[in-house]
Structure formats: structure tokens, C-alpha cells
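Undergrad: See my_file38.txt below, with compact mmCIF, C-alpha atoms.
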```txt
# COMPACT_ATOMS: atom_id res chain seq x y z
CA MET A 211 -19.78 -35.55 -48.73
CA ALA A 212 -18.24 -33.57 -45.92
CA ASP A 213 -20.60 -31.86 -43.52
CA GLU A 214 -21.20 -28.20 -44.32
CA ALA A 215 -19.89 -25.62 -41.82
CA PRO A 216 -22.65 -24.26 -39.58
CA ARG A 217 -24.22 -21.07 -40.91
CA GLN A 218 -23.39 -17.89 -39.01
CA ALA A 219 -26.42 -16.27 -37.40
CA THR A 220 -27.78 -13.08 -38.99
CA ILE A 221 -29.60 -10.09 -37.59
CA PHE A 222 -32.82 -11.59 -38.93
CA ASP A 223 -32.24 -14.80 -36.93
CA VAL A 224 -31.82 -12.69 -33.79
CA ALA A 225 -35.00 -10.76 -34.60
CA ARG A 226 -37.02 -13.96 -35.06
CA LEU A 227 -35.78 -15.49 -31.82
CA ALA A 228 -36.44 -12.31 -29.84
CA GLY A 229 -39.80 -11.71 -31.50
CA VAL A 230 -38.92 -8.20 -32.72
CA SER A 231 -38.08 -6.48 -36.00
CA HIS A 232 -34.56 -6.41 -37.33
CA GLN A 233 -34.66 -2.60 -36.94
CA THR A 234 -35.15 -3.08 -33.18
CA VAL A 235 -32.19 -5.46 -33.05
CA SER A 236 -30.13 -2.83 -34.85
CA ARG A 237 -31.14 -0.19 -32.29
CA VAL A 238 -30.03 -2.46 -29.45
CA LEU A 239 -26.72 -3.27 -31.15
CA ASN A 240 -25.92 0.39 -31.65
CA ASP A 241 -27.04 1.56 -28.20
CA LEU A 242 -29.75 3.77 -29.65
CA PRO A 243 -32.63 5.09 -27.47
CA ASN A 244 -36.36 4.29 -27.47
CA VAL A 245 -36.06 0.57 -26.77
CA ARG A 246 -37.88 -0.89 -23.76
CA ALA A 247 -35.67 -2.45 -21.13
CA SER A 248 -37.51 -5.78 -21.39
CA THR A 249 -37.13 -5.75 -25.18
CA ARG A 250 -33.45 -4.91 -24.94
CA THR A 251 -32.92 -7.79 -22.51
CA ARG A 252 -34.75 -10.19 -24.83
CA VAL A 253 -32.64 -9.12 -27.80
CA GLU A 254 -29.39 -9.40 -25.83
CA GLU A 255 -30.33 -12.92 -24.70
CA ALA A 256 -31.03 -13.91 -28.31
CA ILE A 257 -27.68 -12.47 -29.42
CA LYS A 258 -25.92 -14.47 -26.73
CA LYS A 259 -27.79 -17.69 -27.50
CA LEU A 260 -27.12 -17.46 -31.25
CA ARG A 261 -23.56 -16.19 -30.74
CA TYR A 262 -24.36 -13.46 -33.20
CA VAL A 263 -21.44 -11.21 -34.18
CA PRO A 264 -22.60 -7.92 -35.73
CA SER A 265 -20.86 -6.62 -38.83
CA PRO A 266 -18.75 -3.52 -38.13
CA ALA A 267 -19.48 -2.30 -41.65
CA ALA A 268 -23.22 -2.61 -41.15
CA ARG A 269 -23.02 -0.88 -37.79
CA ALA A 270 -21.05 1.98 -39.31
CA LEU A 271 -23.72 2.49 -41.95
CA VAL A 272 -26.37 2.90 -39.25
CA THR A 273 -24.46 5.07 -36.80
CA ARG A 274 -21.84 6.60 -39.12
CA ARG A 275 -19.39 5.37 -36.48
CA SER A 276 -17.14 2.33 -36.65
CA ARG A 277 -16.74 1.72 -32.87
CA THR A 278 -13.23 0.60 -33.69
CA ILE A 279 -9.90 1.85 -32.38
CA GLY A 280 -6.31 1.19 -33.34
CA LEU A 281 -3.60 0.01 -30.94
CA ILE A 282 0.11 0.22 -31.75
CA ALA A 283 2.40 -1.82 -29.49
CA THR A 284 6.14 -1.77 -30.17
CA GLY A 285 9.21 -3.41 -28.68
CA GLY A 286 9.87 -6.88 -27.32
CA PRO A 287 7.73 -9.05 -25.05
CA GLU A 288 8.45 -7.08 -21.85
CA PHE A 289 6.03 -7.77 -19.02
CA GLY A 290 4.74 -4.22 -18.57
CA PRO A 291 3.79 -3.32 -22.16
CA SER A 292 2.41 -6.79 -22.92
CA SER A 293 0.28 -6.75 -19.75
CA THR A 294 -1.03 -3.27 -20.54
CA THR A 295 -1.92 -4.41 -24.06
CA LEU A 296 -3.83 -7.38 -22.65
CA TYR A 297 -5.85 -5.26 -20.21
CA PHE A 298 -6.50 -2.54 -22.80
CA ASN A 299 -8.03 -5.11 -25.15
CA ALA A 300 -10.10 -6.64 -22.33
CA ALA A 301 -11.47 -3.23 -21.35
CA ALA A 302 -12.33 -2.50 -24.99
CA ARG A 303 -14.27 -5.76 -25.28
CA ASP A 304 -16.21 -4.92 -22.12
CA ALA A 305 -17.05 -1.53 -23.62
CA ARG A 306 -18.11 -3.19 -26.90
CA TRP A 307 -15.40 -1.60 -29.00
CA SER A 308 -13.30 -3.48 -31.54
CA VAL A 309 -9.51 -3.12 -31.57
CA PHE A 310 -7.19 -3.39 -34.56
CA THR A 311 -3.74 -4.14 -33.15
CA ALA A 312 -0.37 -3.59 -34.80
CA ASN A 313 2.38 -5.39 -32.86
CA MET A 314 5.82 -4.54 -34.17
CA VAL A 315 9.39 -5.16 -33.11
CA ASP A 316 10.75 -2.38 -35.33
CA SER A 317 9.59 1.13 -34.57
CA ASP A 318 11.11 3.02 -37.49
CA PRO A 319 9.02 5.98 -38.76
CA ALA A 320 8.04 4.31 -42.05
CA THR A 321 6.66 1.21 -40.28
CA ILE A 322 4.76 3.34 -37.77
CA ARG A 323 3.22 5.54 -40.45
CA SER A 324 2.23 2.48 -42.47
CA ALA A 325 0.40 1.03 -39.45
CA VAL A 326 -1.45 4.29 -38.82
CA GLU A 327 -2.48 4.56 -42.46
CA ALA A 328 -3.85 1.01 -42.31
CA PHE A 329 -5.89 1.98 -39.23
CA LEU A 330 -7.28 5.03 -41.00
CA ARG A 331 -8.41 2.84 -43.91
CA GLN A 332 -10.34 0.81 -41.33
CA SER A 333 -12.06 4.05 -40.15
CA VAL A 334 -10.82 3.79 -36.57
CA GLU A 335 -12.12 6.53 -34.27
CA GLY A 336 -8.95 6.83 -32.20
CA ILE A 337 -5.45 5.40 -31.73
CA ALA A 338 -3.66 4.21 -28.58
CA VAL A 339 0.10 3.73 -28.43
CA ILE A 340 1.97 1.41 -26.05
CA ALA A 341 5.59 1.97 -26.97
CA GLY A 342 8.58 1.78 -24.69
CA HIS A 343 11.00 3.42 -27.10
CA GLU A 344 11.07 7.15 -27.52
CA GLY A 345 9.96 8.72 -30.78
CA VAL A 346 7.01 6.50 -31.70
CA ALA A 347 4.42 8.94 -30.36
CA GLU A 348 6.20 11.85 -32.02
CA VAL A 349 5.97 10.17 -35.43
CA ILE A 350 2.22 9.63 -35.06
CA ALA A 351 1.56 13.07 -33.59
CA GLY A 352 3.45 14.57 -36.55
CA MET A 353 0.95 13.03 -38.97
CA ASP A 354 -1.65 15.70 -38.03
CA LEU A 355 -4.39 13.18 -37.33
CA THR A 356 -7.98 14.30 -37.05
CA ILE A 357 -8.78 11.53 -34.56
CA PRO A 358 -7.71 11.32 -30.89
CA LEU A 359 -4.35 9.86 -29.88
CA VAL A 360 -3.48 8.52 -26.42
CA VAL A 361 0.01 7.36 -25.43
CA MET A 362 1.26 5.26 -22.52
CA GLN A 363 4.08 7.41 -21.20
CA ALA A 364 5.62 8.05 -17.80
CA THR A 365 5.89 11.82 -18.16
CA PRO A 366 2.92 13.98 -19.23
CA ARG A 367 3.50 16.16 -22.29
CA THR A 368 1.77 19.32 -23.38
CA GLY A 369 -0.52 18.73 -26.34
CA LEU A 370 -0.40 14.93 -26.02
CA ALA A 371 -2.80 12.77 -23.99
CA THR A 372 -0.65 10.48 -21.85
CA VAL A 373 -1.52 7.71 -19.40
CA GLY A 374 0.84 5.75 -17.20
CA ALA A 375 2.36 5.10 -13.80
CA ASP A 376 4.61 7.61 -12.08
CA GLN A 377 7.96 5.92 -12.67
CA TYR A 378 9.95 8.74 -11.07
CA HIS A 379 8.21 8.62 -7.69
CA GLY A 380 8.17 4.82 -7.78
CA ALA A 381 11.96 4.86 -8.10
CA ARG A 382 12.35 7.42 -5.33
CA ASN A 383 10.26 5.24 -3.01
CA ALA A 384 12.45 2.25 -3.81
CA VAL A 385 15.67 4.11 -3.05
CA ARG A 386 14.17 5.70 0.07
CA HIS A 387 13.41 2.21 1.36
CA LEU A 388 17.08 1.29 0.99
CA VAL A 389 18.23 4.51 2.65
CA GLU A 390 15.90 3.85 5.58
CA LEU A 391 17.54 0.42 5.96
CA GLY A 392 20.85 2.20 6.49
CA HIS A 393 22.33 1.83 3.00
CA ARG A 394 24.60 4.69 1.97
CA ARG A 395 26.18 3.25 -1.17
CA ILE A 396 23.37 2.31 -3.56
CA GLY A 397 24.18 1.43 -7.17
CA HIS A 398 21.84 1.32 -10.14
CA LEU A 399 21.51 -0.97 -13.15
CA ALA A 400 19.57 1.09 -15.69
CA GLY A 401 17.29 0.04 -18.52
CA PRO A 402 17.81 1.11 -22.17
CA GLY A 403 18.64 4.79 -22.58
CA ASP A 404 16.05 5.36 -25.31
CA VAL A 405 13.18 4.21 -23.08
CA VAL A 406 11.35 6.95 -21.16
CA ASP A 407 10.49 4.67 -18.21
CA ALA A 408 14.14 3.68 -17.77
CA ARG A 409 15.26 7.30 -17.74
CA GLU A 410 12.57 8.28 -15.24
CA ARG A 411 13.59 5.46 -12.89
CA GLU A 412 17.23 6.51 -13.12
CA ARG A 413 16.27 10.14 -12.48
CA GLY A 414 14.31 9.11 -9.39
CA TRP A 415 17.30 7.11 -8.11
CA ARG A 416 19.67 10.05 -8.55
CA ASP A 417 17.32 12.60 -7.00
CA GLU A 418 16.54 10.48 -3.94
CA LEU A 419 20.23 9.90 -3.30
CA ALA A 420 20.93 13.61 -3.75
CA ALA A 421 18.16 14.47 -1.28
CA SER A 422 19.94 12.26 1.28
CA GLY A 423 23.38 13.64 0.44
CA LEU A 424 24.55 10.31 -0.97
CA PRO A 425 26.68 9.59 -4.07
CA ALA A 426 25.24 7.92 -7.17
CA ARG A 427 27.11 5.20 -9.04
CA ALA A 428 25.65 3.36 -12.00
CA ILE A 429 26.92 -0.17 -12.63
CA GLY A 430 25.71 -0.45 -16.23
CA VAL A 431 22.88 -0.30 -18.76
CA GLY A 432 20.88 -3.45 -19.56
CA ASP A 433 18.23 -4.33 -22.12
CA TRP A 434 15.51 -5.42 -19.63
CA THR A 435 16.42 -9.13 -19.94
CA PRO A 436 17.67 -11.45 -17.15
CA SER A 437 20.72 -12.29 -19.28
CA SER A 438 21.81 -8.65 -19.40
CA GLY A 439 21.35 -8.39 -15.63
CA TYR A 440 23.43 -11.51 -15.14
CA ARG A 441 26.20 -10.36 -17.47
CA ILE A 442 26.50 -6.93 -15.88
CA GLY A 443 26.17 -8.40 -12.39
CA ARG A 444 29.12 -10.72 -13.10
CA GLU A 445 31.33 -8.12 -14.76
CA CYS A 446 30.72 -4.89 -12.81
CA GLU A 447 32.87 -3.50 -10.02
CA LEU A 448 30.79 -3.53 -6.84
CA ASP A 449 33.50 -1.98 -4.64
CA ASP A 450 31.82 -0.84 -1.42
CA LEU A 451 28.20 -0.94 -2.65
CA THR A 452 25.73 -2.48 -0.21
CA ALA A 453 22.54 -2.23 -2.29
CA LEU A 454 21.40 -2.20 -5.92
CA PHE A 455 18.31 -0.60 -7.42
CA VAL A 456 17.72 -2.51 -10.66
CA GLY A 457 15.66 -1.04 -13.52
CA ASN A 458 13.23 -3.95 -13.73
CA ASP A 459 12.52 -7.31 -12.12
CA GLN A 460 13.83 -9.41 -14.99
CA MET A 461 17.26 -7.79 -14.86
CA ALA A 462 17.12 -8.11 -11.06
CA MET A 463 16.69 -11.88 -11.48
CA GLY A 464 19.91 -11.99 -13.48
CA VAL A 465 21.70 -9.79 -10.94
CA VAL A 466 20.75 -12.07 -8.03
CA HIS A 467 22.00 -15.06 -10.01
CA ALA A 468 25.28 -13.27 -10.73
CA LEU A 469 25.77 -12.28 -7.09
CA SER A 470 25.27 -15.90 -6.07
CA ASP A 471 27.94 -16.97 -8.57
CA ARG A 472 30.24 -14.36 -7.03
CA HIS A 473 29.60 -15.93 -3.61
CA LEU A 474 27.69 -12.89 -2.37
CA SER A 475 24.46 -13.40 -0.45
CA VAL A 476 21.23 -11.43 -0.90
CA PRO A 477 20.43 -9.52 1.24
CA GLY A 478 23.33 -10.31 3.59
CA ASP A 479 26.07 -8.89 1.36
CA MET A 480 23.91 -6.95 -1.10
CA SER A 481 20.30 -5.82 -0.97
CA VAL A 482 18.54 -5.89 -4.35
CA ILE A 483 15.31 -4.16 -5.36
CA GLY A 484 13.56 -4.33 -8.75
CA PHE A 485 10.66 -2.69 -10.53
CA ASP A 486 7.32 -3.98 -11.97
CA ASP A 487 6.45 -6.90 -9.65
CA ILE A 488 6.33 -9.59 -12.30
CA PRO A 489 4.63 -12.86 -11.19
CA GLU A 490 8.01 -14.57 -10.68
CA ALA A 491 9.28 -11.87 -8.28
CA ALA A 492 7.53 -13.34 -5.23
CA HIS A 493 9.04 -16.78 -5.93
CA MET A 494 12.69 -15.88 -6.42
CA ALA A 495 15.32 -16.97 -3.92
CA PRO A 496 15.05 -14.77 -2.00
CA PRO A 497 11.66 -13.24 -2.89
CA LEU A 498 12.30 -9.90 -4.59
CA THR A 499 11.50 -6.51 -3.10
CA THR A 500 10.10 -4.44 -5.97
CA VAL A 501 7.84 -1.62 -7.10
CA ARG A 502 4.45 -2.83 -8.27
CA GLN A 503 2.73 -1.20 -11.23
CA ASP A 504 -1.00 -1.72 -11.70
CA PHE A 505 -0.97 -2.63 -15.39
CA GLU A 506 -4.67 -3.50 -15.35
CA ARG A 507 -5.52 0.03 -14.24
CA ILE A 508 -3.14 1.54 -16.80
CA GLY A 509 -4.77 -0.42 -19.62
CA GLN A 510 -8.24 0.57 -18.45
CA ASP A 511 -7.20 4.20 -18.02
CA MET A 512 -5.83 4.25 -21.56
CA LEU A 513 -9.14 3.05 -22.96
CA THR A 514 -11.17 5.41 -20.76
CA THR A 515 -9.04 8.36 -21.85
CA LEU A 516 -9.26 7.45 -25.53
CA LEU A 517 -13.03 6.97 -25.47
CA SER A 518 -13.42 10.22 -23.55
CA ARG A 519 -11.40 12.04 -26.19
CA ILE A 520 -13.53 10.47 -28.92
CA ALA A 521 -16.61 11.79 -27.10
CA GLY A 522 -15.04 15.26 -26.85
CA ASP A 523 -14.11 15.17 -23.15
CA LEU A 524 -10.55 16.44 -22.58
CA ASP A 525 -10.26 15.74 -18.83
CA GLU A 526 -6.96 14.17 -17.76
CA ILE A 527 -6.71 11.00 -15.63
CA PRO A 528 -4.13 11.30 -12.81
CA GLN A 529 -1.06 9.09 -13.06
CA ALA A 530 -1.23 5.82 -11.18
CA LEU A 531 1.14 5.63 -8.21
CA PRO A 532 3.31 2.49 -8.05
CA GLU A 533 3.37 0.57 -4.75
CA LEU A 534 6.51 -0.54 -2.91
CA ILE A 535 6.37 -4.29 -2.19
CA VAL A 536 8.86 -5.25 0.51
CA ARG A 537 10.09 -8.84 0.46
CA GLU A 538 13.23 -10.65 1.55
CA SER A 539 15.82 -9.39 -0.97
CA THR A 540 16.37 -6.18 1.00
CA GLY A 541 17.68 -5.89 4.53
CA PRO A 542 19.76 -3.65 6.81
CA ALA A 543 23.14 -2.50 5.50
CA ARG A 544 26.01 -4.68 6.59
```
Using C-alpha cells, write down the structure from this file.
TA:
Amino acid sequence: MADEAPRQATIFDVARLAGVSHQTVSRVLNDLPNVRASTRTRVEEAIKKLRYVPSPAARALVTRRSRTIGLIATGGPEFGPSSTTLYFNAAARDARWSVFTANMVDSDPATIRSAVEAFLRQSVEGIAVIAGHEGVAEVIAGMDLTIPLVVMQATPRTGLATVGADQYHGARNAVRHLVELGHRRIGHLAGPGDVVDARERERGWRDELAASGLPARAIGVGDWTPSSGYRIGRECELDDLTALFVGNDQMAMGVVHALSDRHLSVPGDMSVIGFDDIPEAAHMAPPLTTVRQDFERIGQDMLTTLLSRIAGDLDEIPQALPELIVRESTGPAR
């Protein structure tokens, strides 16, 4: 006969090992008061030793709270949203909250509403949204939810809790760096037009050039991928441009490749700057100047904001400010 699977520990096993009642274990699990510090420590050590996983349903019966939240993440596997999702989930685990996640490529209204309805059946206490494409938050907000909603978005909106990095000022800092290097003809490869972050980066590029009295010329619109950057970099008219501000690092990788194939050196013939600071950026040839976003902080801020809203606190967290990272892909104008 095959060996039986090991039995999962119960609350009564934890109580026996810790030398307390199962009611005391329940109080520790649900962060209830009137438990001695030494007793709490003993119970927590027993939980860890037995690898006990409490039942969300049982916890909800005691506290009338599920300590669960829903997370909707839409779009492709772009570095920024996927990193934010990772750090959001890590922060939730540290805070002892469970996360139901709905990852979806399609973000049509019916699919979004179906995901939210599934969360509500799980009695989530709040919903977070990490969605690059415009309209996802509007669909959920239009459902008249009675639980808090927090959205990762570059621009704050009245009546909607938003968390994110200041894409606009990050883009202005990038373009200002190029202007300070003497560049006067700075092109832009934009991200998808239906993505708020892409539009904010383009707006920052235009406004910084306007503030310096310089013309703006876009070379195309990509889809965030290196292949789109390469294609546009090969096909576009560069004319007298001396620098390119690219909407993200992955497209910048493709652009640098395309410039090399066109026998143009970086930064000798063309300075190139990206956005995000993906891990590969520092190891490109040449290493890429870029705008670093702190995705760990954004994920943590999203969770903090959502849990604060669940607790009834409506204070806003300031937007994170991206940091300009200067490397070897930018240099003085030729």
C-alpha cells in the first residue's frame, strides 16, 4: 500500500504543542487582545513548527472579517506591472492578508466584471487594480462597490484612490538631462496610446522641450516590446535628431540594436534614454541611461493604501518620484 499523505495540522494540534486552549490559539491568529506576550510567542512558535495554515472561513466566523483582498492585473508581462504585482503580494503576506489574484490578458468590461464578482463571492474586503490600459478602473468603479478600491495610476483622480510613480516629472527629468548635454533635437518613441503611463511620459517630453523652446518630433508608437523598438528604429526618419527619449527600457533595447544596424553609434551619433530601469538596462552595450521606478515601494504603497481604506482612513500617500540613472548611452550632442 502506498504511504498516506501526512495529515495537515489543526488548531487543536497547535493548542496542544503550545500548552494552551484552542480559543487562545484563535485569539492569536486573529490578532485579538488579552493574550500575554509570552503566550502569543509560544503559540506563534507552535504554528511555525507545525506549519499550520489557518482556515480563512474559520477566521471569518470568529472575526466576521475575511482578511482577504482581490488583485486584478491586466495586460502582458511588462516589467513594471509584473514587479508591482510581486511586491504587492509580498507585502500582503507580511501583513498576514490573503490575496486572490485575477491575471488577465483581455481587459474587456465583461471579463473585468466577472473577476470582481468572483472576488465578492470570496468576501474580499477590498480590491487593488494594476492595469496599464485605460478603462479598467472605470469599469470597476462603475459597479458601485461597497468595499474600497485602489488603482495603480500615474495621475491622481478625484473620487478614486490612486497610487503610483510620477511618470510626468520622471519624463521631464529625462529630457532635461538631454537638454543639459546640449541636445536640441530630441525625438520620442512613445508607448501605446491607451496606456496612461505612456501618455504621461509623452506629455512630460513635450512640456520639457517647450519649456526650453525646442521642437518636439515623435518617431513612432511602440507596444513596449524590444521588437517594436527595433522595427521603428530601423524604419523611422532620424533626420537631424541627436537624442531619443524612449517610452520604456525594452523598446530602448530594440532602438539601440536598430541604430547599430544603421551604423550609428550610441551615444556618439545618437544619445538614447529609456524608462523603468529594468535589470538588463545596466548590462546593455552601452549601459542604458534611464528613469528608475521603485516598484517595491509602489506595491507596498498600494497595499498600505488599501488596508488604510479598509480601516476607514482616507489619507493619501504621495506619489513616488522616479530617479534619473545616468549611464553611458547618453553623452554630449555631436
Undergrad: I'd like the contact shell of Gly484 of chain A - 10 Å cut-off, only C-alpha atoms, skipping same-chain residues fewer than 6 positions apart - returned as an mmCIF file with C-alpha atoms, keeping the file's coordinate frame.
TA:
```cif
data_model
loop_
_atom_site.group_PDB
_atom_site.id
_atom_site.type_symbol
_atom_site.label_atom_id
_atom_site.label_comp_id
_atom_site.auth_asym_id
_atom_site.auth_seq_id
_atom_site.Cartn_x
_atom_site.Cartn_y
_atom_site.Cartn_z
ATOM 1 C CA ALA A 381 11.960 4.860 -8.100
ATOM 2 C CA ALA A 384 12.450 2.250 -3.810
ATOM 3 C CA LEU A 399 21.510 -0.970 -13.150
ATOM 4 C CA LEU A 454 21.400 -2.200 -5.920
ATOM 5 C CA PHE A 455 18.310 -0.600 -7.420
ATOM 6 C CA VAL A 456 17.720 -2.510 -10.660
ATOM 7 C CA GLY A 457 15.660 -1.040 -13.520
ATOM 8 C CA ASN A 458 13.230 -3.950 -13.730
ATOM 9 C CA ASP A 459 12.520 -7.310 -12.120
ATOM 10 C CA GLN A 460 13.830 -9.410 -14.990
ATOM 11 C CA MET A 461 17.260 -7.790 -14.860
ATOM 12 C CA ALA A 462 17.120 -8.110 -11.060
ATOM 13 C CA MET A 463 16.690 -11.880 -11.480
ATOM 14 C CA ALA A 491 9.280 -11.870 -8.280
ATOM 15 C CA LEU A 498 12.300 -9.900 -4.590
ATOM 16 C CA THR A 499 11.500 -6.510 -3.100
ATOM 17 C CA THR A 500 10.100 -4.440 -5.970
ATOM 18 C CA VAL A 501 7.840 -1.620 -7.100
ATOM 19 C CA ARG A 502 4.450 -2.830 -8.270
ATOM 20 C CA LEU A 534 6.510 -0.540 -2.910
ATOM 21 C CA ILE A 535 6.370 -4.290 -2.190
ATOM 22 C CA SER A 539 15.820 -9.390 -0.970
#
```
Undergrad: Considering all atoms listed in the file, return as a short mmCIF file (atom, residue, chain, number, x, y, z; two decimals) with C-alpha atoms, keeping the file's coordinate frame whatever protein or nucleic-acid residues lie within 8 Å of Ile442 of chain A, sequence-local ones (same chain, fewer than 4 positions apart) excluded.
TA:
```cif
data_model
loop_
_atom_site.label_atom_id
_atom_site.label_comp_id
_atom_site.auth_asym_id
_atom_site.auth_seq_id
_atom_site.Cartn_x
_atom_site.Cartn_y
_atom_site.Cartn_z
CA ILE A 429 26.92 -0.17 -12.63
CA GLY A 430 25.71 -0.45 -16.23
CA GLY A 432 20.88 -3.45 -19.56
CA SER A 438 21.81 -8.65 -19.40
CA CYS A 446 30.72 -4.89 -12.81
CA VAL A 465 21.70 -9.79 -10.94
#
```
Undergrad: When you draw a straight line from atom CA of Phe289 of chain A to atom CA of Asp407 of chain A, how long is it in Å?
TA: 13.2 Å
Undergrad: So how far away is atom CA of Ala341 of chain A from atom CA of Val536 of chain A, in Å?
TA: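 Between atom CA of Val536 of chain A and atom CA of Ala341 of chain A the gap works out to 28.6 Å.
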Undergrad: Would you list the contacts of Val263 of chain A as a list in words, taking every protein, DNA or RNA residue within 12 Å and counting all atoms listed in the file, but skipping same-chain residues closer than 6 positions in sequence?
TA: Gln218, Ala219, Thr220, Ile221, Asp223, Val224, Leu239, Glu254, Ala256, Ile257, Arg269, Arg306 and Ser308 of chain A
Undergrad: For Pro496 of chain A, work out the shell of residues within 8 Å, counting all atoms listed in the file and skipping chain neighbours fewer than 3 positions away, then give it as a CSV table (one decimal) with C-alpha atoms, in the coordinates of the input.
TA:
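File result-v8.csv, as written:
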```
chain,number,residue,atom,x,y,z
A,476,VAL,CA,21.2,-11.4,-0.9
A,493,HIS,CA,9.0,-16.8,-5.9
A,538,GLU,CA,13.2,-10.6,1.6
A,539,SER,CA,15.8,-9.4,-1.0
```
Undergrad: To one decimal place, how far is atom CA of Ala492 of chain A from atom CA of Leu424 of chain A in Å?
TA: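 These two atoms are separated by 29.4 Å.
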Undergrad: Between A:Leu359, A:Ala320, A:Val346, A:Ile279, which is the closest to Gln332 of chain A once you count only C-alpha atoms?
TA: A:Ile279
Undergrad: Rank A:Leu281, A:Val406, A:Val385, A:Ala400 by their smallest atom-to-atom distance to Ala421 of chain A, using all atoms listed in the file, and report the top residue only.
TA: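 Going through A:Leu281, A:Val406, A:Val385, A:Ala400 one by one, the smallest distance to Ala421 of chain A is for A:Val385.
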Undergrad: Near Ala453 of chain A, counting all atoms listed in the file, which residues have an atom at most 9 Å away, once you skip same-chain residues fewer than 2 positions from it, shown as a ChimeraX atom specification?
TA: /A:388,393-398,451,455,477,479-483,540,543
Undergrad: For Asp523 of chain A, which residue out of A:Ala371, A:Ser292, A:Ser333, A:Leu355 is the nearest one, using only C-alpha atoms?
TA: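 Residue with the minimum atom-to-atom distance to Asp523 of chain A: A:Ala371.
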Undergrad: Output, as lines of an AutoDock Vina configuration file, the centre and edge lengths in Å (one decimal) of the axis-aligned box that contains all listed atoms of segment 349-354 of chain A with 3 Å of margin on each side.
TA:
```
center_x = 2.2
center_y = 12.7
center_z = -36.3
size_x = 13.6
size_y = 12.1
size_z = 11.4
```
Undergrad: Check the smallest atom-to-atom distance from each of A:Gly478, A:Gly443, A:Pro497, A:Asn383 to Leu419 of chain A using only C-alpha atoms, then report the winner.
TA: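 That would be A:Asn383, the residue with the smallest distance to Leu419 of chain A.
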Undergrad: Go through A:Leu448, A:Leu370, A:Ile357, A:Val253 one by one, measure the shortest atom-to-atom distance of each to Ala225 of chain A using all atoms listed in the file, and give the residue with the smallest value.
TA: A:Val253
